file data-v9.tsv (TSV, N, CA and C atoms)
chain	number	residue	atom	x	y	z
A	973	MET	N	-4.96	4.68	-36.93
A	973	MET	CA	-5.38	6.06	-36.98
A	973	MET	C	-4.15	6.95	-37.05
A	974	THR	N	-4.16	7.90	-37.96
A	974	THR	CA	-3.05	8.83	-38.13
A	974	THR	C	-3.43	10.18	-37.54
A	975	THR	N	-2.52	10.72	-36.77
A	975	THR	CA	-2.73	12.04	-36.18
A	975	THR	C	-2.05	13.07	-37.06
A	976	GLN	N	-2.78	14.08	-37.44
A	976	GLN	CA	-2.20	15.14	-38.26
A	976	GLN	C	-1.49	16.15	-37.37
A	977	ARG	N	-0.28	16.48	-37.76
A	977	ARG	CA	0.47	17.52	-37.02
A	977	ARG	C	0.10	18.86	-37.59
A	978	ARG	N	-0.28	19.74	-36.72
A	978	ARG	CA	-0.61	21.10	-37.13
A	978	ARG	C	0.56	22.01	-36.80
A	979	PRO	N	0.74	23.04	-37.60
A	979	PRO	CA	1.81	23.98	-37.26
A	979	PRO	C	1.48	24.67	-35.93
A	980	PRO	N	2.50	25.09	-35.20
A	980	PRO	CA	2.23	25.75	-33.92
A	980	PRO	C	1.45	27.05	-34.13
A	981	PRO	N	0.67	27.46	-33.14
A	981	PRO	CA	-0.12	28.69	-33.27
A	981	PRO	C	0.68	29.96	-32.99
A	982	PHE	N	1.99	29.89	-33.22
A	982	PHE	CA	2.86	31.04	-33.00
A	982	PHE	C	4.03	30.96	-33.97
A	983	THR	N	4.70	32.08	-34.13
A	983	THR	CA	5.89	32.15	-34.97
A	983	THR	C	7.03	32.71	-34.15
A	984	ILE	N	8.19	32.07	-34.26
A	984	ILE	CA	9.41	32.54	-33.60
A	984	ILE	C	10.43	32.82	-34.68
A	985	SER	N	11.03	34.00	-34.63
A	985	SER	CA	12.11	34.32	-35.55
A	985	SER	C	13.30	34.83	-34.74
A	986	THR	N	14.49	34.46	-35.19
A	986	THR	CA	15.71	34.91	-34.52
A	986	THR	C	16.73	35.35	-35.56
A	987	GLU	N	17.56	36.28	-35.16
A	987	GLU	CA	18.72	36.67	-35.94
A	987	GLU	C	19.81	37.05	-34.95
A	988	ALA	N	21.05	36.86	-35.35
A	988	ALA	CA	22.13	37.14	-34.41
A	988	ALA	C	23.37	37.63	-35.16
A	989	ALA	N	24.16	38.42	-34.47
A	989	ALA	CA	25.41	38.95	-35.03
A	989	ALA	C	26.28	39.47	-33.89
A	990	PHE	N	27.54	39.68	-34.20
A	990	PHE	CA	28.46	40.24	-33.22
A	990	PHE	C	28.28	41.75	-33.12
A	991	SER	N	28.41	42.26	-31.90
A	991	SER	CA	28.50	43.70	-31.67
A	991	SER	C	29.91	43.97	-31.18
A	992	GLU	N	30.13	45.17	-30.69
A	992	GLU	CA	31.46	45.53	-30.19
A	992	GLU	C	31.89	44.62	-29.05
A	993	GLY	N	33.14	44.34	-28.99
A	993	GLY	CA	33.70	43.60	-27.86
A	993	GLY	C	33.42	42.11	-27.85
A	994	GLY	N	33.05	41.54	-28.98
A	994	GLY	CA	32.83	40.10	-29.03
A	994	GLY	C	31.53	39.62	-28.42
A	995	VAL	N	30.56	40.51	-28.29
A	995	VAL	CA	29.25	40.12	-27.73
A	995	VAL	C	28.35	39.64	-28.87
A	996	TRP	N	27.79	38.46	-28.71
A	996	TRP	CA	26.86	37.88	-29.68
A	996	TRP	C	25.46	38.35	-29.27
A	997	VAL	N	24.84	39.15	-30.11
A	997	VAL	CA	23.53	39.71	-29.80
A	997	VAL	C	22.47	38.96	-30.59
A	998	ILE	N	21.52	38.38	-29.87
A	998	ILE	CA	20.43	37.63	-30.48
A	998	ILE	C	19.17	38.49	-30.43
A	999	GLY	N	18.58	38.70	-31.57
A	999	GLY	CA	17.27	39.35	-31.63
A	999	GLY	C	16.23	38.27	-31.85
A	1000	ALA	N	15.26	38.18	-30.97
A	1000	ALA	CA	14.22	37.14	-31.07
A	1000	ALA	C	12.85	37.81	-31.05
A	1001	ARG	N	11.94	37.23	-31.80
A	1001	ARG	CA	10.57	37.76	-31.87
A	1001	ARG	C	9.59	36.60	-31.78
A	1002	LEU	N	8.60	36.76	-30.92
A	1002	LEU	CA	7.55	35.76	-30.74
A	1002	LEU	C	6.21	36.41	-31.03
A	1003	ARG	N	5.46	35.81	-31.93
A	1003	ARG	CA	4.13	36.31	-32.27
A	1003	ARG	C	3.14	35.16	-32.27
A	1004	PHE	N	2.00	35.37	-31.63
A	1004	PHE	CA	0.92	34.39	-31.67
A	1004	PHE	C	0.02	34.72	-32.85
A	1005	HIS	N	-0.44	33.69	-33.52
A	1005	HIS	CA	-1.34	33.88	-34.66
A	1005	HIS	C	-2.72	34.29	-34.16
A	1006	GLN	N	-3.45	35.02	-34.98
A	1006	GLN	CA	-4.82	35.41	-34.63
A	1006	GLN	C	-5.66	34.14	-34.47
A	1007	GLY	N	-6.50	34.13	-33.46
A	1007	GLY	CA	-7.36	32.97	-33.22
A	1007	GLY	C	-6.57	31.72	-32.89
A	1008	ALA	N	-5.46	31.89	-32.19
A	1008	ALA	CA	-4.54	30.78	-31.91
A	1008	ALA	C	-5.19	29.69	-31.08
A	1009	SER	N	-5.27	28.52	-31.65
A	1009	SER	CA	-5.56	27.26	-30.98
A	1009	SER	C	-6.66	27.30	-29.92
A	1010	GLY	N	-7.27	26.17	-29.73
A	1010	GLY	CA	-8.26	26.03	-28.68
A	1010	GLY	C	-7.65	25.50	-27.39
A	1011	LYS	N	-6.33	25.44	-27.34
A	1011	LYS	CA	-5.65	24.95	-26.15
A	1011	LYS	C	-5.82	25.94	-25.00
A	1012	PRO	N	-5.75	25.43	-23.77
A	1012	PRO	CA	-5.74	26.37	-22.63
A	1012	PRO	C	-4.54	27.30	-22.72
A	1013	ARG	N	-4.72	28.50	-22.24
A	1013	ARG	CA	-3.66	29.51	-22.32
A	1013	ARG	C	-2.35	29.02	-21.71
A	1014	SER	N	-2.41	28.34	-20.58
A	1014	SER	CA	-1.17	27.88	-19.94
A	1014	SER	C	-0.44	26.86	-20.81
A	1015	ALA	N	-1.16	26.00	-21.50
A	1015	ALA	CA	-0.53	25.01	-22.38
A	1015	ALA	C	0.11	25.71	-23.58
A	1016	LEU	N	-0.58	26.69	-24.12
A	1016	LEU	CA	-0.07	27.44	-25.27
A	1016	LEU	C	1.20	28.22	-24.89
A	1017	LEU	N	1.20	28.86	-23.72
A	1017	LEU	CA	2.37	29.60	-23.26
A	1017	LEU	C	3.54	28.66	-22.99
A	1018	GLY	N	3.25	27.51	-22.40
A	1018	GLY	CA	4.30	26.52	-22.14
A	1018	GLY	C	4.94	26.03	-23.43
A	1019	GLU	N	4.13	25.76	-24.43
A	1019	GLU	CA	4.63	25.32	-25.73
A	1019	GLU	C	5.49	26.41	-26.38
A	1020	ALA	N	5.02	27.65	-26.30
A	1020	ALA	CA	5.77	28.76	-26.90
A	1020	ALA	C	7.09	28.99	-26.17
A	1021	LYS	N	7.08	28.93	-24.84
A	1021	LYS	CA	8.32	29.14	-24.07
A	1021	LYS	C	9.35	28.06	-24.39
A	1022	THR	N	8.89	26.81	-24.51
A	1022	THR	CA	9.81	25.72	-24.82
A	1022	THR	C	10.43	25.92	-26.20
A	1023	ALA	N	9.62	26.25	-27.18
A	1023	ALA	CA	10.13	26.48	-28.54
A	1023	ALA	C	11.07	27.68	-28.57
A	1024	LEU	N	10.73	28.74	-27.84
A	1024	LEU	CA	11.57	29.93	-27.81
A	1024	LEU	C	12.92	29.63	-27.17
A	1025	MET	N	12.93	28.94	-26.05
A	1025	MET	CA	14.19	28.62	-25.38
A	1025	MET	C	15.06	27.71	-26.26
A	1026	THR	N	14.43	26.80	-27.00
A	1026	THR	CA	15.18	25.94	-27.92
A	1026	THR	C	15.90	26.78	-28.96
A	1027	GLU	N	15.22	27.76	-29.52
A	1027	GLU	CA	15.84	28.63	-30.53
A	1027	GLU	C	16.92	29.51	-29.92
A	1028	LEU	N	16.69	30.04	-28.72
A	1028	LEU	CA	17.71	30.88	-28.08
A	1028	LEU	C	18.96	30.08	-27.74
A	1029	ILE	N	18.78	28.88	-27.26
A	1029	ILE	CA	19.94	28.02	-26.95
A	1029	ILE	C	20.71	27.70	-28.22
A	1030	ARG	N	19.99	27.40	-29.30
A	1030	ARG	CA	20.65	27.10	-30.58
A	1030	ARG	C	21.50	28.30	-31.03
A	1031	GLU	N	20.93	29.50	-30.94
A	1031	GLU	CA	21.67	30.71	-31.35
A	1031	GLU	C	22.83	31.00	-30.41
A	1032	ALA	N	22.64	30.79	-29.12
A	1032	ALA	CA	23.72	31.03	-28.16
A	1032	ALA	C	24.88	30.08	-28.42
A	1033	LEU	N	24.59	28.82	-28.69
A	1033	LEU	CA	25.65	27.86	-28.99
A	1033	LEU	C	26.37	28.21	-30.28
A	1034	ARG	N	25.63	28.71	-31.26
A	1034	ARG	CA	26.25	29.14	-32.51
A	1034	ARG	C	27.21	30.30	-32.25
A	1035	GLY	N	26.78	31.24	-31.40
A	1035	GLY	CA	27.65	32.37	-31.05
A	1035	GLY	C	28.91	31.91	-30.34
A	1036	ARG	N	28.77	31.00	-29.39
A	1036	ARG	CA	29.94	30.49	-28.68
A	1036	ARG	C	30.89	29.78	-29.65
A	1037	ALA	N	30.32	29.03	-30.62
A	1037	ALA	CA	31.15	28.34	-31.61
A	1037	ALA	C	31.94	29.32	-32.47
A	1038	HIS	N	31.41	30.53	-32.64
A	1038	HIS	CA	32.09	31.57	-33.42
A	1038	HIS	C	33.01	32.43	-32.56
A	1039	GLY	N	33.12	32.10	-31.25
A	1039	GLY	CA	34.06	32.80	-30.38
A	1039	GLY	C	33.49	33.91	-29.54
A	1040	ALA	N	32.18	33.97	-29.40
A	1040	ALA	CA	31.58	35.03	-28.57
A	1040	ALA	C	32.03	34.90	-27.13
A	1041	ASN	N	32.32	36.05	-26.51
A	1041	ASN	CA	32.70	36.02	-25.10
A	1041	ASN	C	31.52	36.36	-24.20
A	1042	ALA	N	30.40	36.76	-24.78
A	1042	ALA	CA	29.17	37.04	-24.02
A	1042	ALA	C	27.99	36.93	-24.98
A	1043	ILE	N	26.83	36.65	-24.41
A	1043	ILE	CA	25.60	36.53	-25.19
A	1043	ILE	C	24.58	37.49	-24.60
A	1044	ARG	N	23.96	38.31	-25.46
A	1044	ARG	CA	22.86	39.19	-25.04
A	1044	ARG	C	21.66	38.86	-25.91
A	1045	VAL	N	20.49	38.93	-25.30
A	1045	VAL	CA	19.25	38.64	-26.03
A	1045	VAL	C	18.34	39.86	-25.94
A	1046	ARG	N	17.76	40.21	-27.06
A	1046	ARG	CA	16.71	41.23	-27.12
A	1046	ARG	C	15.48	40.51	-27.63
A	1047	LEU	N	14.50	40.36	-26.75
A	1047	LEU	CA	13.31	39.57	-27.04
A	1047	LEU	C	12.08	40.46	-27.13
A	1048	ASP	N	11.42	40.41	-28.27
A	1048	ASP	CA	10.16	41.11	-28.49
A	1048	ASP	C	9.06	40.06	-28.46
A	1049	ALA	N	8.27	40.10	-27.41
A	1049	ALA	CA	7.19	39.12	-27.24
A	1049	ALA	C	5.84	39.79	-27.36
A	1050	GLY	N	5.64	40.50	-28.45
A	1050	GLY	CA	4.33	41.10	-28.71
A	1050	GLY	C	4.06	42.33	-27.88
A	1051	GLY	N	4.84	43.36	-28.07
A	1051	GLY	CA	4.61	44.61	-27.37
A	1051	GLY	C	5.43	44.77	-26.11
A	1052	ARG	N	6.05	43.72	-25.67
A	1052	ARG	CA	6.90	43.78	-24.49
A	1052	ARG	C	8.30	43.34	-24.89
A	1053	VAL	N	9.28	44.20	-24.67
A	1053	VAL	CA	10.65	43.89	-25.06
A	1053	VAL	C	11.48	43.66	-23.80
A	1054	ASN	N	12.19	42.54	-23.76
A	1054	ASN	CA	13.09	42.20	-22.66
A	1054	ASN	C	14.50	42.12	-23.20
A	1055	GLU	N	15.46	42.56	-22.41
A	1055	GLU	CA	16.86	42.36	-22.74
A	1055	GLU	C	17.50	41.69	-21.55
A	1056	PHE	N	18.31	40.66	-21.82
A	1056	PHE	CA	18.97	39.95	-20.73
A	1056	PHE	C	20.21	39.26	-21.26
A	1057	SER	N	21.12	38.92	-20.32
A	1057	SER	CA	22.31	38.15	-20.66
A	1057	SER	C	21.93	36.69	-20.74
A	1058	PHE	N	22.61	35.97	-21.57
A	1058	PHE	CA	22.35	34.54	-21.75
A	1058	PHE	C	23.69	33.85	-21.68
A	1059	ASP	N	24.11	33.57	-20.46
A	1059	ASP	CA	25.44	33.01	-20.30
A	1059	ASP	C	25.34	31.51	-20.03
A	1060	ASP	N	25.88	31.04	-18.94
A	1060	ASP	CA	25.94	29.61	-18.69
A	1060	ASP	C	24.73	29.07	-17.93
A	1061	ARG	N	23.71	29.86	-17.80
A	1061	ARG	CA	22.51	29.39	-17.12
A	1061	ARG	C	21.29	29.89	-17.92
A	1062	VAL	N	20.20	29.21	-17.76
A	1062	VAL	CA	18.99	29.60	-18.46
A	1062	VAL	C	18.32	30.71	-17.67
A	1063	PRO	N	18.04	31.85	-18.31
A	1063	PRO	CA	17.43	32.95	-17.58
A	1063	PRO	C	15.99	32.65	-17.23
A	1064	ASN	N	15.54	33.17	-16.11
A	1064	ASN	CA	14.14	33.05	-15.71
A	1064	ASN	C	13.48	34.39	-16.00
A	1065	VAL	N	13.01	34.52	-17.22
A	1065	VAL	CA	12.41	35.78	-17.67
A	1065	VAL	C	10.91	35.57	-17.84
A	1066	ASP	N	10.13	36.45	-17.25
A	1066	ASP	CA	8.68	36.39	-17.41
A	1066	ASP	C	8.34	37.03	-18.75
A	1067	LEU	N	8.18	36.21	-19.77
A	1067	LEU	CA	8.03	36.69	-21.12
A	1067	LEU	C	6.67	37.30	-21.39
A	1068	PHE	N	5.68	36.90	-20.63
A	1068	PHE	CA	4.30	37.24	-20.96
A	1068	PHE	C	3.59	38.03	-19.88
A	1069	GLY	N	4.35	38.61	-19.00
A	1069	GLY	CA	3.82	39.49	-17.98
A	1069	GLY	C	2.90	38.85	-17.06

call {"tool": "encode", "arguments": {"input": "data-v9.tsv", "output": "structure tokens"}}
result
Amino acid sequence: MTTQRRPPPFTISTEAAFSEGGVWVIGARLRFHQGASGKPRSALLGEAKTALMTELIREALRGRAHGANAIRVRLDAGGRVNEFSFDDRVPNVDLFG
């Protein structure tokens, strides 16, 4: 039996660039698709948080490889915008209120 992989019921987009003073600024956006999945809400949020953190870590490492001395994240999670530092520890940000 073959299991079909479905695309996730959300979209994550990121972009990053340097600002003044060598700060690598990551802009991230998370959007859930209309009628997203029949999964329980907690499972869906867990999946989205894991995917989002994977993308943020990837961008943060790219910034460090380019010589960034600090990392800032601006996260738009569907009407709620968070800004936080992303240094040597994973931030504990309540993304979904």

call {"tool": "select_by_dssp", "arguments": {"input": "data-v9.tsv", "residues": "range 998-1063 of chain A", "states": "strand (DSSP E)", "output": "PyMOL selection string"}}
result
chain A and resi 998-1004+1042-1048+1053-1057

call {"tool": "atom_distance", "arguments": {"input": "data-v9.tsv", "atom1": "atom N of Arg1046 in chain A", "atom2": "CA of Thr1026 in chain A"}}
result
14.5 Å

call {"tool": "atom_distance", "arguments": {"input": "data-v9.tsv", "atom1": "CA of Val995 in chain A", "atom2": "CA of Ala1049 in chain A"}}
result
22.1 Å

call {"tool": "atom_distance", "arguments": {"input": "data-v9.tsv", "atom1": "CA of Pro1012 in chain A", "atom2": "CA of Pro981 in chain A"}}
result
12.3 Å

call {"tool": "closest_residue", "arguments": {"input": "data-v9.tsv", "among": "A:Arg1013, A:Arg1044, A:Arg1036, A:Arg1052", "to": "Ser991 in chain A", "atoms": "only C-alpha atoms"}}
result
A:Arg1044

call {"tool": "residues_near_point", "arguments": {"input": "data-v9.tsv", "point": "(13.4, 41.5, -23.0)", "cutoff": "10 Å", "atoms": "only C-alpha atoms", "output": "list of chain:residue names"}}
result
A:Gly999, A:Ala1000, A:Arg1044, A:Val1045, A:Arg1046, A:Leu1047, A:Asp1048, A:Ala1049, A:Arg1052, A:Val1053, A:Asn1054, A:Glu1055, A:Phe1056, A:Ser1057, A:Val1065, A:Asp1066, A:Leu1067

call {"tool": "closest_residue", "arguments": {"input": "data-v9.tsv", "among": "A:Ile998, A:Arg977, A:Phe990, A:Phe982", "to": "Ala1040 in chain A", "atoms": "all atoms listed in the file"}}
result
A:Phe990

call {"tool": "axis_aligned_box", "arguments": {"input": "data-v9.tsv", "around": "range 1029-1037 of chain A", "padding_each_side": "8 Å", "output": "JSON"}}
result
{"center_x": 25.4, "center_y": 29.7, "center_z": -29.7, "size_x": 29.2, "size_y": 21.3, "size_z": 21.6}

call {"tool": "residues_near_point", "arguments": {"input": "data-v9.tsv", "point": "(15.8, 32.0, -33.6)", "cutoff": "6.5 Å", "atoms": "all atoms listed in the file", "output": "PyMOL selection string"}}
result
chain A and resi 984-987+1000+1027-1028+1031

call {"tool": "write_last_selection", "arguments": {"input": "data-v9.tsv", "atoms": "N, CA and C atoms", "output": "compact mmCIF listing (two decimals), in the frame of the given file"}}
result
# COMPACT_ATOMS: atom_id res chain seq x y z
N ILE A 984 8.19 32.07 -34.26
CA ILE A 984 9.41 32.54 -33.60
C ILE A 984 10.43 32.82 -34.68
N SER A 985 11.03 34.00 -34.63
CA SER A 985 12.11 34.32 -35.55
C SER A 985 13.30 34.83 -34.74
N THR A 986 14.49 34.46 -35.19
CA THR A 986 15.71 34.91 -34.52
C THR A 986 16.73 35.35 -35.56
N GLU A 987 17.56 36.28 -35.16
CA GLU A 987 18.72 36.67 -35.94
C GLU A 987 19.81 37.05 -34.95
N ALA A 1000 15.26 38.18 -30.97
CA ALA A 1000 14.22 37.14 -31.07
C ALA A 1000 12.85 37.81 -31.05
N GLU A 1027 15.22 27.76 -29.52
CA GLU A 1027 15.84 28.63 -30.53
C GLU A 1027 16.92 29.51 -29.92
N LEU A 1028 16.69 30.04 -28.72
CA LEU A 1028 17.71 30.88 -28.08
C LEU A 1028 18.96 30.08 -27.74
N GLU A 1031 20.93 29.50 -30.94
CA GLU A 1031 21.67 30.71 -31.35
C GLU A 1031 22.83 31.00 -30.41
